[in-house]
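**Student:** Dropping in work.txt, which is compact mmCIF, C-alpha atoms:
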```txt
# COMPACT_ATOMS: atom_id res chain seq x y z
CA MET C 126 24.35 -6.85 9.07
CA ASP C 127 22.71 -10.29 8.94
CA SER C 128 21.20 -10.76 5.47
CA LEU C 129 18.80 -13.40 6.82
CA LYS C 130 17.12 -10.93 9.18
CA PRO C 131 14.71 -8.12 8.23
CA ASN C 132 16.06 -4.57 8.32
CA VAL C 133 13.85 -2.61 10.71
CA LEU C 134 13.88 1.18 11.00
CA VAL C 135 12.54 2.45 14.35
CA VAL C 136 11.59 6.13 14.49
CA ASP C 137 10.83 7.79 17.85
CA ASP C 138 11.97 10.96 19.62
CA ASP C 139 12.31 9.05 22.92
CA ILE C 140 15.92 7.77 23.01
CA GLU C 141 15.22 5.43 25.93
CA PHE C 142 12.31 3.87 24.05
CA LEU C 143 14.48 3.43 20.93
CA ASN C 144 17.07 1.52 22.94
CA ILE C 145 14.41 -0.69 24.52
CA VAL C 146 12.99 -1.59 21.10
CA LYS C 147 16.47 -2.34 19.77
CA THR C 148 17.11 -4.66 22.72
CA TYR C 149 13.79 -6.43 22.12
CA LEU C 150 14.46 -6.94 18.39
CA GLN C 151 18.22 -7.43 18.19
CA ASP C 152 17.99 -11.24 18.05
CA VAL C 153 15.49 -11.29 15.18
CA ALA C 154 16.23 -8.15 13.14
CA ASN C 155 18.86 -5.68 11.99
CA VAL C 156 17.73 -2.51 13.75
CA GLU C 157 18.34 1.09 12.63
CA LEU C 158 17.33 3.90 15.03
CA ALA C 159 16.15 7.40 14.16
CA SER C 160 15.20 10.00 16.78
CA SER C 161 13.46 12.34 14.30
CA GLY C 162 11.60 12.28 11.03
CA ARG C 163 14.50 13.99 9.28
CA GLN C 164 16.97 11.37 10.50
CA ALA C 165 14.56 8.62 9.41
CA LEU C 166 14.47 10.01 5.88
CA GLN C 167 18.25 10.08 5.73
CA LEU C 168 18.57 6.48 6.94
CA ALA C 169 15.83 5.25 4.58
CA TYR C 170 17.75 6.85 1.73
CA GLU C 171 21.04 5.19 2.73
CA VAL C 172 19.98 1.76 4.03
CA PRO C 173 17.57 -0.82 2.53
CA ILE C 174 14.56 -1.07 4.85
CA ASP C 175 12.08 -3.96 5.15
CA ILE C 176 9.83 -2.65 7.95
CA ILE C 177 9.34 0.76 9.60
CA LEU C 178 8.20 1.23 13.21
CA LEU C 179 7.04 4.84 13.41
CA ASP C 180 6.00 6.93 16.42
CA PHE C 181 2.68 8.73 15.93
CA GLU C 182 3.57 11.79 18.02
CA MET C 183 6.95 13.50 17.49
CA PRO C 184 7.99 17.16 17.59
CA ILE C 185 8.63 19.20 14.41
CA MET C 186 7.89 16.33 11.99
CA ASP C 187 5.21 14.03 13.44
CA GLY C 188 4.43 10.49 12.33
CA VAL C 189 1.96 11.58 9.65
CA LYS C 190 4.41 14.02 8.02
CA THR C 191 7.28 11.56 8.34
CA LEU C 192 5.24 8.80 6.67
CA THR C 193 4.23 11.14 3.85
CA ASN C 194 7.87 12.02 3.21
CA LEU C 195 9.00 8.40 3.44
CA ARG C 196 6.40 7.39 0.85
CA ASN C 197 7.90 9.97 -1.51
CA LEU C 198 11.13 7.94 -1.52
CA LYS C 199 11.02 5.35 -4.28
CA THR C 200 12.61 2.76 -1.99
CA CYS C 201 9.90 3.22 0.68
CA ILE C 202 6.70 3.39 -1.36
CA ASN C 203 5.64 -0.15 -0.47
CA VAL C 204 7.59 -0.74 2.76
CA PRO C 205 5.27 -1.98 5.56
CA VAL C 206 4.77 0.59 8.34
CA ILE C 207 3.71 -0.21 11.92
CA MET C 208 2.57 2.90 13.76
CA LEU C 209 3.52 3.26 17.43
CA THR C 210 1.19 5.34 19.55
CA GLY C 211 0.64 6.05 23.21
CA ARG C 212 -2.85 7.24 22.40
CA SER C 213 -5.49 4.53 22.55
CA ASP C 214 -8.35 6.74 21.34
CA ARG C 215 -10.24 5.77 18.21
CA TYR C 216 -9.22 8.87 16.24
CA ALA C 217 -5.50 8.17 16.47
CA VAL C 218 -5.91 4.55 15.40
CA MET C 219 -8.31 5.29 12.52
CA ASN C 220 -6.19 8.18 11.29
CA SER C 221 -3.19 5.85 11.12
CA LEU C 222 -5.10 3.13 9.28
CA VAL C 223 -6.41 5.55 6.66
CA MET C 224 -2.82 6.56 5.82
CA GLY C 225 -2.20 3.10 4.46
CA ILE C 226 -0.17 1.66 7.32
CA ASP C 227 0.05 -2.08 7.91
CA GLY C 228 -0.78 -2.06 11.62
CA TYR C 229 -0.27 -0.29 14.92
CA LEU C 230 1.04 -1.00 18.42
CA LEU C 231 0.13 0.81 21.61
CA LYS C 232 3.00 2.05 23.80
CA PRO C 233 4.54 0.82 26.00
CA VAL C 234 5.08 -2.19 23.75
CA ASN C 235 5.25 -5.75 24.98
CA LYS C 236 8.38 -7.58 23.82
CA ASP C 237 6.63 -10.76 22.67
CA VAL C 238 3.92 -8.80 20.85
CA LEU C 239 6.52 -6.58 19.18
CA VAL C 240 8.67 -9.49 18.00
CA GLU C 241 5.62 -11.41 16.76
CA THR C 242 4.30 -8.36 14.89
CA VAL C 243 7.62 -7.65 13.19
CA LEU C 244 8.13 -11.27 12.12
CA GLU C 245 4.54 -11.65 10.87
CA THR C 246 4.79 -8.39 8.93
CA TYR C 247 8.06 -9.48 7.35
CA GLN C 248 6.58 -12.85 6.42
CA LYS C 249 3.57 -11.18 4.81
CA LYS C 250 5.89 -8.84 2.95
CA SER C 251 7.84 -11.82 1.60
CA ILE C 252 4.63 -13.56 0.48
CA LYS C 253 3.37 -10.38 -1.18
CA GLY C 254 6.71 -9.98 -2.89
CA SER C 255 6.26 -13.33 -4.64
CA LYS C 256 2.89 -12.27 -6.07
CA LYS C 257 1.86 -9.30 -8.18
CA THR C 258 -0.44 -6.83 -6.40
CA ILE C 259 -3.83 -5.87 -7.81
CA VAL C 260 -5.93 -2.99 -6.46
CA ALA C 261 -9.61 -3.56 -7.24
CA ILE C 262 -11.87 -0.48 -6.91
CA ASP C 263 -15.65 -0.93 -6.91
CA ASP C 264 -18.43 0.39 -4.66
CA ASP C 265 -20.04 -3.07 -4.67
CA MET C 266 -18.28 -5.00 -1.90
CA SER C 267 -19.94 -8.27 -2.87
CA TYR C 268 -18.49 -7.96 -6.37
CA LEU C 269 -15.07 -7.11 -4.91
CA LYS C 270 -15.24 -10.33 -2.91
CA GLN C 271 -16.06 -12.23 -6.10
CA LEU C 272 -13.00 -10.72 -7.78
CA ASN C 273 -10.88 -11.58 -4.77
CA SER C 274 -12.03 -15.22 -4.86
CA ILE C 275 -11.10 -15.39 -8.55
CA LEU C 276 -7.70 -13.73 -8.21
CA LYS C 277 -6.33 -14.45 -4.72
CA GLU C 278 -4.64 -17.72 -5.66
CA ASN C 279 -2.42 -15.96 -8.20
CA TYR C 280 -2.30 -12.36 -6.97
CA HIS C 281 -2.23 -10.26 -3.84
CA VAL C 282 -5.58 -8.40 -3.99
CA ILE C 283 -6.37 -5.09 -2.26
CA MET C 284 -10.13 -4.41 -2.23
CA ILE C 285 -11.25 -0.75 -2.02
CA ASN C 286 -14.91 0.30 -2.15
CA SER C 287 -14.74 4.10 -2.44
CA ALA C 288 -12.97 6.69 -4.58
CA ARG C 289 -11.69 8.59 -1.53
CA LEU C 290 -10.07 5.53 0.02
CA ALA C 291 -8.63 4.55 -3.36
CA LEU C 292 -6.89 7.92 -3.73
CA GLU C 293 -5.56 7.77 -0.17
CA TYR C 294 -4.22 4.25 -0.59
CA LEU C 295 -2.69 4.85 -4.02
CA ALA C 296 -0.96 8.00 -2.79
CA ASN C 297 1.26 5.71 -0.71
CA HIS C 298 1.28 2.39 -2.57
CA VAL C 299 2.13 1.31 -6.12
CA PRO C 300 0.37 -1.89 -7.25
CA ASP C 301 1.17 -3.82 -10.41
CA ILE C 302 -2.30 -3.25 -11.88
CA ILE C 303 -5.55 -1.45 -11.03
CA ILE C 304 -9.02 -2.85 -11.79
CA LEU C 305 -11.57 -0.03 -11.79
CA ASP C 306 -15.37 0.05 -11.96
CA TYR C 307 -16.68 2.45 -14.62
CA GLN C 308 -19.69 3.58 -12.59
CA ILE C 309 -18.25 4.20 -9.14
CA PRO C 310 -20.37 6.79 -7.22
CA LEU C 311 -19.36 10.47 -6.89
CA PHE C 312 -16.52 9.98 -9.37
CA ASN C 313 -17.16 8.10 -12.58
CA GLY C 314 -14.39 5.78 -13.65
CA VAL C 315 -12.91 8.26 -16.11
CA THR C 316 -12.59 11.03 -13.52
CA LEU C 317 -11.10 8.70 -10.90
CA MET C 318 -8.66 7.21 -13.40
CA LYS C 319 -7.52 10.71 -14.37
CA MET C 320 -7.08 11.73 -10.72
CA ILE C 321 -5.09 8.59 -9.92
CA GLN C 322 -2.74 9.19 -12.84
CA GLN C 323 -2.26 12.88 -12.03
CA THR C 324 -2.24 13.03 -8.22
CA THR C 325 -0.69 9.74 -7.05
CA VAL C 326 2.51 7.77 -7.66
CA CYS C 327 0.62 5.40 -9.99
CA ASP C 328 0.85 7.23 -13.32
CA LYS C 329 2.58 4.23 -14.97
CA VAL C 330 0.33 1.53 -13.48
CA PRO C 331 -1.90 -0.23 -16.07
CA PHE C 332 -5.68 -0.07 -15.65
CA ILE C 333 -8.39 -2.58 -16.53
CA ILE C 334 -11.88 -1.07 -16.64
CA LEU C 335 -14.96 -3.13 -15.77
CA SER C 336 -18.36 -1.80 -16.83
CA GLY C 337 -21.88 -3.14 -16.36
CA THR C 338 -23.09 -1.04 -19.31
CA LEU C 339 -20.29 -1.48 -21.79
CA ASP C 340 -21.01 0.71 -24.78
CA TYR C 341 -19.26 2.89 -27.33
CA LYS C 342 -19.39 5.96 -25.05
CA ALA C 343 -17.66 4.13 -22.20
CA ILE C 344 -14.87 2.95 -24.46
CA LYS C 345 -14.52 6.40 -26.06
CA ASP C 346 -14.38 8.11 -22.64
CA PHE C 347 -11.44 5.98 -21.56
CA CYS C 348 -9.42 6.07 -24.78
CA PRO C 349 -7.34 9.19 -23.88
CA TYR C 350 -6.11 7.46 -20.71
CA LYS C 351 -5.00 4.29 -22.51
CA PRO C 352 -6.50 1.54 -20.33
CA ALA C 353 -5.04 -1.93 -20.81
CA ALA C 354 -8.56 -3.26 -21.38
CA VAL C 355 -12.25 -2.34 -21.03
CA LEU C 356 -14.33 -5.40 -20.11
CA ALA C 357 -18.05 -6.00 -19.54
CA LYS C 358 -19.31 -7.14 -16.13
CA PRO C 359 -19.70 -9.89 -15.13
CA VAL C 360 -16.38 -10.91 -16.65
CA GLU C 361 -15.36 -14.54 -17.12
CA LYS C 362 -12.37 -15.65 -15.06
CA ALA C 363 -10.35 -16.79 -18.09
CA VAL C 364 -10.90 -13.48 -19.89
CA LEU C 365 -9.97 -11.42 -16.83
CA MET C 366 -6.85 -13.48 -16.08
CA GLU C 367 -5.68 -13.27 -19.68
CA ASN C 368 -6.06 -9.48 -19.76
CA ILE C 369 -4.32 -9.06 -16.39
CA GLU C 370 -1.36 -11.16 -17.47
CA GLN C 371 -1.06 -9.31 -20.77
CA ALA C 372 -1.29 -5.90 -19.08
CA ILE C 373 1.45 -6.77 -16.58
CA LEU C 374 3.64 -8.22 -19.33
CA ASN C 375 3.26 -5.07 -21.44
CA SER C 376 4.03 -2.88 -18.43
CA GLU C 377 7.20 -4.83 -17.63
CA GLN C 378 8.36 -4.61 -21.25
CA ASP C 379 7.80 -0.84 -21.26
CA GLU C 380 10.16 -0.52 -18.28
CA ILE C 381 13.00 -2.28 -20.09
```
Give the structure from the file, written as structure tokens.
**Tutor:**
Amino acid sequence: MDSLKPNVLVVDDDIEFLNIVKTYLQDVANVELASSGRQALQLAYEVPIDIILLDFEMPIMDGVKTLTNLRNLKTCINVPVIMLTGRSDRYAVMNSLVMGIDGYLLKPVNKDVLVETVLETYQKKSIKGSKKTIVAIDDDMSYLKQLNSILKENYHVIMINSARLALEYLANHVPDIIILDYQIPLFNGVTLMKMIQQTTVCDKVPFIILSGTLDYKAIKDFCPYKPAAVLAKPVEKAVLMENIEQAILNSEQDEI
């Protein structure tokens, strides 16, 4: 196995297709093949994986179920996934994107497109790996963009503007810190924070709460869930950066 190449796991019930993909990628990647979801889980448990190419439609355990099970493996929580699908309809594509995948390719795949996608995904993974990841949750997209402009130089920022999408994303990804709006619609910040800690893989991830109406009640509501900080909006860049750095430092020390 070439340590300079990405380790790619290709999952598809079509053996002929698996062999074609391996031929396409063999010069640029170490390729592992799995003809079923169950076999994919076994390989992901045994071999370090950098990228997963996953067929959308498979018998017994389809792409959705396979992805869900892969995300339950600690080693695969943040591994980039490219969904392969022969279905070009909008539902299939949107369903894949909502699951927190990193992209999709329509079958039959073009060799140049496949190689380019794998290499770009691996490069992005390497860049992300050098930066801490922040998930920012706020229904105000313009404010999310402001946060992104403040933080993007130092952190990899994921912007999410609804509670539903936040729960779906965090079910499959573990960031280094979560920044959460106190007054997000449908769920207030307290309820969403509780749900994230209880129903996703992010129970140990530190939170920073931002509130436009910072008062004693807001602080009191959050106390049982031990946020790293509760800050008033709009927050100054220096204050936000200082609290982020301290929260990540504390989290890393707790893991020791």
**Student:** Which is closer to Asp227 of chain C than all the others in C:Thr200, C:Tyr294, C:Gln164, C:Thr258, using all atoms listed in the file?
**Tutor:**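 Residue with the minimum atom-to-atom distance to Asp227 of chain C: C:Tyr294.
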**Student:** For Leu231 of chain C, which of C:Met318, C:Leu276, C:Val189, C:Leu178 is the closest residue, counting only C-alpha atoms?
**Tutor:**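 Once distances to Leu231 of chain C are computed over only C-alpha atoms, the minimum belongs to C:Leu178.
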**Student:** Quick one: everything within 9 Å of Met208 of chain C, counting all atoms listed in the file, minus sequence neighbours fewer than 2 positions away in the same chain. Send it as a ChimeraX atom specification.
**Tutor:** /C:177-181,188,206,210,218,221-222,226-231
**Student:** In Å, rounded to a single decimal, give me how far atom CA of Val234 of chain C is from atom CA of Thr148 of chain C.
**Tutor:**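 Taking atom CA of Thr148 of chain C as the start and atom CA of Val234 of chain C as the end point, the length is 12.3 Å.
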**Student:** C:Ile334, C:Ala165, C:Ile176, C:Ala372: which is nearest Lys190 of chain C, counting all atoms listed in the file?
**Tutor:**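 Of the candidates, the smallest distance to Lys190 of chain C is held by C:Ala165.
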**Student:** May I have the residues within 12 Å of Leu134 of chain C as a PDB file with C-alpha atoms, keeping the file's coordinate frame, using all atoms listed in the file and disregarding those fewer than 5 positions away in the same chain?
**Tutor:**
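This went into result08.pdb:
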```
ATOM      1  CA  LEU C 143      14.480   3.430  20.930  1.00  0.00           C
ATOM      2  CA  VAL C 146      12.990  -1.590  21.100  1.00  0.00           C
ATOM      3  CA  LYS C 147      16.470  -2.340  19.770  1.00  0.00           C
ATOM      4  CA  LEU C 150      14.460  -6.940  18.390  1.00  0.00           C
ATOM      5  CA  ALA C 154      16.230  -8.150  13.140  1.00  0.00           C
ATOM      6  CA  ASN C 155      18.860  -5.680  11.990  1.00  0.00           C
ATOM      7  CA  VAL C 156      17.730  -2.510  13.750  1.00  0.00           C
ATOM      8  CA  GLU C 157      18.340   1.090  12.630  1.00  0.00           C
ATOM      9  CA  LEU C 158      17.330   3.900  15.030  1.00  0.00           C
ATOM     10  CA  ALA C 159      16.150   7.400  14.160  1.00  0.00           C
ATOM     11  CA  SER C 160      15.200  10.000  16.780  1.00  0.00           C
ATOM     12  CA  SER C 161      13.460  12.340  14.300  1.00  0.00           C
ATOM     13  CA  GLY C 162      11.600  12.280  11.030  1.00  0.00           C
ATOM     14  CA  GLN C 164      16.970  11.370  10.500  1.00  0.00           C
ATOM     15  CA  ALA C 165      14.560   8.620   9.410  1.00  0.00           C
ATOM     16  CA  LEU C 166      14.470  10.010   5.880  1.00  0.00           C
ATOM     17  CA  GLN C 167      18.250  10.080   5.730  1.00  0.00           C
ATOM     18  CA  LEU C 168      18.570   6.480   6.940  1.00  0.00           C
ATOM     19  CA  ALA C 169      15.830   5.250   4.580  1.00  0.00           C
ATOM     20  CA  TYR C 170      17.750   6.850   1.730  1.00  0.00           C
ATOM     21  CA  GLU C 171      21.040   5.190   2.730  1.00  0.00           C
ATOM     22  CA  VAL C 172      19.980   1.760   4.030  1.00  0.00           C
ATOM     23  CA  PRO C 173      17.570  -0.820   2.530  1.00  0.00           C
ATOM     24  CA  ILE C 174      14.560  -1.070   4.850  1.00  0.00           C
ATOM     25  CA  ASP C 175      12.080  -3.960   5.150  1.00  0.00           C
ATOM     26  CA  ILE C 176       9.830  -2.650   7.950  1.00  0.00           C
ATOM     27  CA  ILE C 177       9.340   0.760   9.600  1.00  0.00           C
ATOM     28  CA  LEU C 178       8.200   1.230  13.210  1.00  0.00           C
ATOM     29  CA  LEU C 179       7.040   4.840  13.410  1.00  0.00           C
ATOM     30  CA  ASP C 180       6.000   6.930  16.420  1.00  0.00           C
ATOM     31  CA  LEU C 195       9.000   8.400   3.440  1.00  0.00           C
ATOM     32  CA  CYS C 201       9.900   3.220   0.680  1.00  0.00           C
ATOM     33  CA  VAL C 204       7.590  -0.740   2.760  1.00  0.00           C
ATOM     34  CA  PRO C 205       5.270  -1.980   5.560  1.00  0.00           C
ATOM     35  CA  VAL C 206       4.770   0.590   8.340  1.00  0.00           C
ATOM     36  CA  ILE C 207       3.710  -0.210  11.920  1.00  0.00           C
ATOM     37  CA  MET C 208       2.570   2.900  13.760  1.00  0.00           C
ATOM     38  CA  VAL C 243       7.620  -7.650  13.190  1.00  0.00           C
TER      39      VAL C 243
END
```
**Student:** Around the point (-1.1, -9.3, -13.6) in the file's coordinates, collect all residues with an atom within 10 Å, using all atoms listed in the file, and return them as a list of chain:residue names.
**Tutor:**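 The distance filter leaves exactly C:Lys256, C:Lys257, C:Thr258, C:Ile259, C:Leu276, C:Asn279, C:Tyr280, C:His281, C:Pro300, C:Asp301, C:Ile302, C:Ile303, C:Pro331, C:Leu365, C:Met366, C:Glu367, C:Asn368, C:Ile369, C:Glu370, C:Gln371, C:Ala372, C:Ile373, C:Leu374, C:Asn375, C:Ser376.
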**Student:** Pick from C:Leu290, C:Met183, C:Val299, C:Leu239: nearest to Asn197 of chain C, with only C-alpha atoms counted?
**Tutor:**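 That would be C:Val299, the residue with the smallest distance to Asn197 of chain C.
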**Student:** Find, counting only C-alpha atoms, the residue in C:Asp346, C:Glu361, C:Asp187, C:Asp306 that gets nearest to Ile275 of chain C.
**Tutor:**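 Counting only C-alpha atoms, the residue closest to Ile275 of chain C is C:Glu361.
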**Student:** Just to confirm, what's the straight-line distance from atom CA of Pro131 of chain C to atom CA of Gln151 of chain C in Å (one decimal)?
**Tutor:**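 Interatomic distance here is 10.6 Å.
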**Student:** Please fill the gaps in segment 188-199 of chain C so it has all heavy atoms, and write that as a compact mmCIF listing (two decimals), keeping the file's coordinate frame.
**Tutor:**
```
# COMPACT_ATOMS: atom_id res chain seq x y z
N GLY C 188 4.50 11.74 13.06
CA GLY C 188 4.43 10.49 12.33
C GLY C 188 3.75 10.60 10.98
O GLY C 188 4.19 9.98 10.00
N VAL C 189 2.69 11.40 10.91
CA VAL C 189 1.96 11.58 9.65
C VAL C 189 2.86 12.23 8.60
O VAL C 189 2.96 11.76 7.46
CB VAL C 189 0.69 12.42 9.87
CG1 VAL C 189 -0.01 12.68 8.54
CG2 VAL C 189 -0.25 11.74 10.85
N LYS C 190 3.53 13.32 8.96
CA LYS C 190 4.41 14.02 8.02
C LYS C 190 5.61 13.15 7.64
O LYS C 190 6.03 13.14 6.48
CB LYS C 190 4.88 15.34 8.63
CG LYS C 190 3.78 16.38 8.80
CD LYS C 190 4.32 17.65 9.44
CE LYS C 190 3.22 18.68 9.63
NZ LYS C 190 3.72 19.90 10.31
N THR C 191 6.14 12.43 8.62
CA THR C 191 7.28 11.56 8.34
C THR C 191 6.88 10.46 7.36
O THR C 191 7.61 10.17 6.40
CB THR C 191 7.81 10.92 9.63
OG1 THR C 191 8.22 11.95 10.53
CG2 THR C 191 8.99 10.02 9.34
N LEU C 192 5.71 9.86 7.57
CA LEU C 192 5.24 8.80 6.67
C LEU C 192 5.03 9.35 5.26
O LEU C 192 5.41 8.71 4.28
CB LEU C 192 3.94 8.20 7.21
CG LEU C 192 3.29 7.11 6.33
CD1 LEU C 192 4.27 5.98 6.06
CD2 LEU C 192 2.03 6.58 6.98
N THR C 193 4.45 10.52 5.17
CA THR C 193 4.23 11.14 3.85
C THR C 193 5.55 11.33 3.12
O THR C 193 5.67 11.01 1.92
CB THR C 193 3.53 12.50 4.01
OG1 THR C 193 2.26 12.30 4.64
CG2 THR C 193 3.31 13.15 2.65
N ASN C 194 6.56 11.80 3.82
CA ASN C 194 7.87 12.02 3.21
C ASN C 194 8.58 10.71 2.87
O ASN C 194 9.25 10.59 1.85
CB ASN C 194 8.76 12.87 4.13
CG ASN C 194 8.39 14.34 4.11
OD1 ASN C 194 8.57 15.02 3.11
ND2 ASN C 194 7.86 14.83 5.21
N LEU C 195 8.42 9.71 3.73
CA LEU C 195 9.00 8.40 3.44
C LEU C 195 8.39 7.79 2.19
O LEU C 195 9.10 7.20 1.36
CB LEU C 195 8.80 7.45 4.63
CG LEU C 195 9.69 7.68 5.85
CD1 LEU C 195 9.17 6.88 7.05
CD2 LEU C 195 11.13 7.30 5.56
N ARG C 196 7.08 7.95 2.02
CA ARG C 196 6.40 7.39 0.85
C ARG C 196 6.83 8.10 -0.44
O ARG C 196 6.63 7.56 -1.53
CB ARG C 196 4.89 7.50 1.01
CG ARG C 196 4.29 6.60 2.08
CD ARG C 196 4.63 5.15 1.91
NE ARG C 196 3.83 4.28 2.76
CZ ARG C 196 4.15 3.06 3.10
NH1 ARG C 196 5.30 2.54 2.68
NH2 ARG C 196 3.37 2.33 3.86
N ASN C 197 7.40 9.27 -0.32
CA ASN C 197 7.90 9.97 -1.51
C ASN C 197 9.26 9.44 -1.96
O ASN C 197 9.74 9.82 -3.04
CB ASN C 197 7.99 11.48 -1.24
CG ASN C 197 6.63 12.14 -1.22
OD1 ASN C 197 5.71 11.69 -1.89
ND2 ASN C 197 6.49 13.20 -0.44
N LEU C 198 9.88 8.60 -1.13
CA LEU C 198 11.13 7.94 -1.52
C LEU C 198 10.77 6.67 -2.29
O LEU C 198 9.98 5.86 -1.82
CB LEU C 198 11.97 7.58 -0.30
CG LEU C 198 12.48 8.74 0.57
CD1 LEU C 198 13.23 8.17 1.78
CD2 LEU C 198 13.38 9.66 -0.22
N LYS C 199 11.35 6.50 -3.46
CA LYS C 199 11.02 5.35 -4.28
C LYS C 199 11.25 4.04 -3.54
O LYS C 199 10.48 3.08 -3.69
CB LYS C 199 11.87 5.38 -5.56
CG LYS C 199 11.52 4.30 -6.57
CD LYS C 199 12.34 4.45 -7.84
CE LYS C 199 11.96 3.38 -8.86
NZ LYS C 199 12.76 3.51 -10.11
```
